[in-house]
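Asks: Structure in structure tokens, see below.
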Amino acid sequence: MSNTPAHARIGDAHHRLRDWLLSAPIQVMDGPQRGGVAGTLTAEGRIEYVYPEITGYYLHWLASPD
């Protein structure tokens, strides 16, 4: 068990997740589904399929204050 308080671990996890979401290749950059967000990434980091519902959640998250 960690000696770090739970709120600090949650905050750290939040920042790591935010950094990953903003840097990982999860958004379609071209083609007819441009702007969509991946439902799954392959082991090689390629988008397996675009997930419309998660795209809305992703946009909502991007618009929210940190």
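Labels for the structure tokens follow display order: chains A, B, ..., residues from 1 in each chain, ligands from 1.
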I need the residues of chain A that end up classed as strand (DSSP E or B) by DSSP on the backbone, written out as a compact mmCIF listing (two decimals) with N, CA, C and O atoms, in the first residue's frame.

Replies:
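Output (states-v5.txt):
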# COMPACT_ATOMS: atom_id res chain seq x y z
N GLN A 27 -7.18 10.03 -32.19
CA GLN A 27 -8.10 10.81 -33.02
C GLN A 27 -7.76 10.60 -34.49
O GLN A 27 -6.61 10.64 -34.89
N VAL A 37 -12.91 9.60 -32.75
CA VAL A 37 -12.01 9.06 -31.74
C VAL A 37 -12.08 7.53 -31.77
O VAL A 37 -13.14 6.94 -31.95
N ALA A 38 -10.93 6.92 -31.58
CA ALA A 38 -10.81 5.47 -31.61
C ALA A 38 -11.60 4.82 -30.48
O ALA A 38 -11.58 5.29 -29.35
N GLY A 39 -12.28 3.72 -30.82
CA GLY A 39 -12.88 2.88 -29.80
C GLY A 39 -11.84 1.94 -29.23
O GLY A 39 -11.86 1.61 -28.06
N THR A 40 -10.89 1.54 -30.08
CA THR A 40 -9.82 0.63 -29.69
C THR A 40 -8.59 0.93 -30.51
O THR A 40 -8.69 1.24 -31.69
N LEU A 41 -7.43 0.83 -29.88
CA LEU A 41 -6.15 0.89 -30.60
C LEU A 41 -5.59 -0.52 -30.68
O LEU A 41 -5.72 -1.31 -29.73
N ILE A 47 -5.62 2.83 -35.04
CA ILE A 47 -7.04 2.82 -34.71
C ILE A 47 -7.70 1.60 -35.35
O ILE A 47 -7.58 1.38 -36.55
N GLU A 48 -8.38 0.82 -34.53
CA GLU A 48 -9.08 -0.37 -35.02
C GLU A 48 -10.47 0.00 -35.55
O GLU A 48 -10.89 -0.50 -36.57
N TYR A 49 -11.17 0.87 -34.85
CA TYR A 49 -12.46 1.37 -35.32
C TYR A 49 -12.76 2.70 -34.64
O TYR A 49 -12.20 3.02 -33.60
N VAL A 50 -13.61 3.49 -35.26
CA VAL A 50 -14.02 4.78 -34.70
C VAL A 50 -15.31 4.57 -33.92
O VAL A 50 -16.21 3.87 -34.36

Asks: What does the structure give for the distance between CA of Asp19 in chain A and CA of Tyr58 in chain A, in Å to one decimal?

Replies: 13.3 Å

Asks: DSSP says alpha helix (DSSP H) for which residues of chain A? Put them as a short mmCIF file (atom, residue, chain, number, x, y, z; two decimals) with C-alpha atoms, in the first residue's frame?

Replies:
data_model
loop_
_atom_site.label_atom_id
_atom_site.label_comp_id
_atom_site.auth_asym_id
_atom_site.auth_seq_id
_atom_site.Cartn_x
_atom_site.Cartn_y
_atom_site.Cartn_z
CA ALA A 6 -5.57 8.82 -2.12
CA HIS A 7 -6.39 12.30 -3.46
CA ALA A 8 -2.78 12.72 -4.62
CA ARG A 9 -2.81 9.34 -6.39
CA ILE A 10 -6.11 10.20 -8.08
CA GLY A 11 -4.74 13.57 -9.18
CA ASP A 12 -1.62 11.91 -10.57
CA ALA A 13 -3.71 9.33 -12.44
CA HIS A 14 -5.90 12.14 -13.82
CA HIS A 15 -2.85 13.99 -15.18
CA ARG A 16 -1.32 10.85 -16.69
CA LEU A 17 -4.62 9.99 -18.39
CA ARG A 18 -5.03 13.56 -19.67
CA ASP A 19 -1.49 13.54 -21.07
CA TRP A 20 -2.11 10.20 -22.78
CA LEU A 21 -5.44 11.31 -24.28
CA LEU A 22 -3.79 14.43 -25.69
CA SER A 23 -0.72 12.66 -27.09
CA PRO A 52 -19.00 7.85 -32.36
CA GLU A 53 -20.34 7.92 -28.78
CA ILE A 54 -16.88 8.20 -27.22
CA THR A 55 -16.10 11.02 -29.65
CA GLY A 56 -18.86 13.07 -27.99
CA TYR A 57 -17.51 12.27 -24.52
CA TYR A 58 -14.00 13.19 -25.68
CA LEU A 59 -15.16 16.54 -27.05
CA HIS A 60 -17.07 17.25 -23.83
CA TRP A 61 -13.95 16.42 -21.81
CA LEU A 62 -11.78 18.68 -23.99
CA ALA A 63 -14.22 21.56 -23.43
#

Asks: Could you tell me which of A:Ile26, A:Pro32, A:Ser64, A:Thr4 comes closest to Tyr51 in chain A if we count only C-alpha atoms?

Replies: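 Using only C-alpha atoms, Tyr51 in chain A sits closest to A:Ile26.
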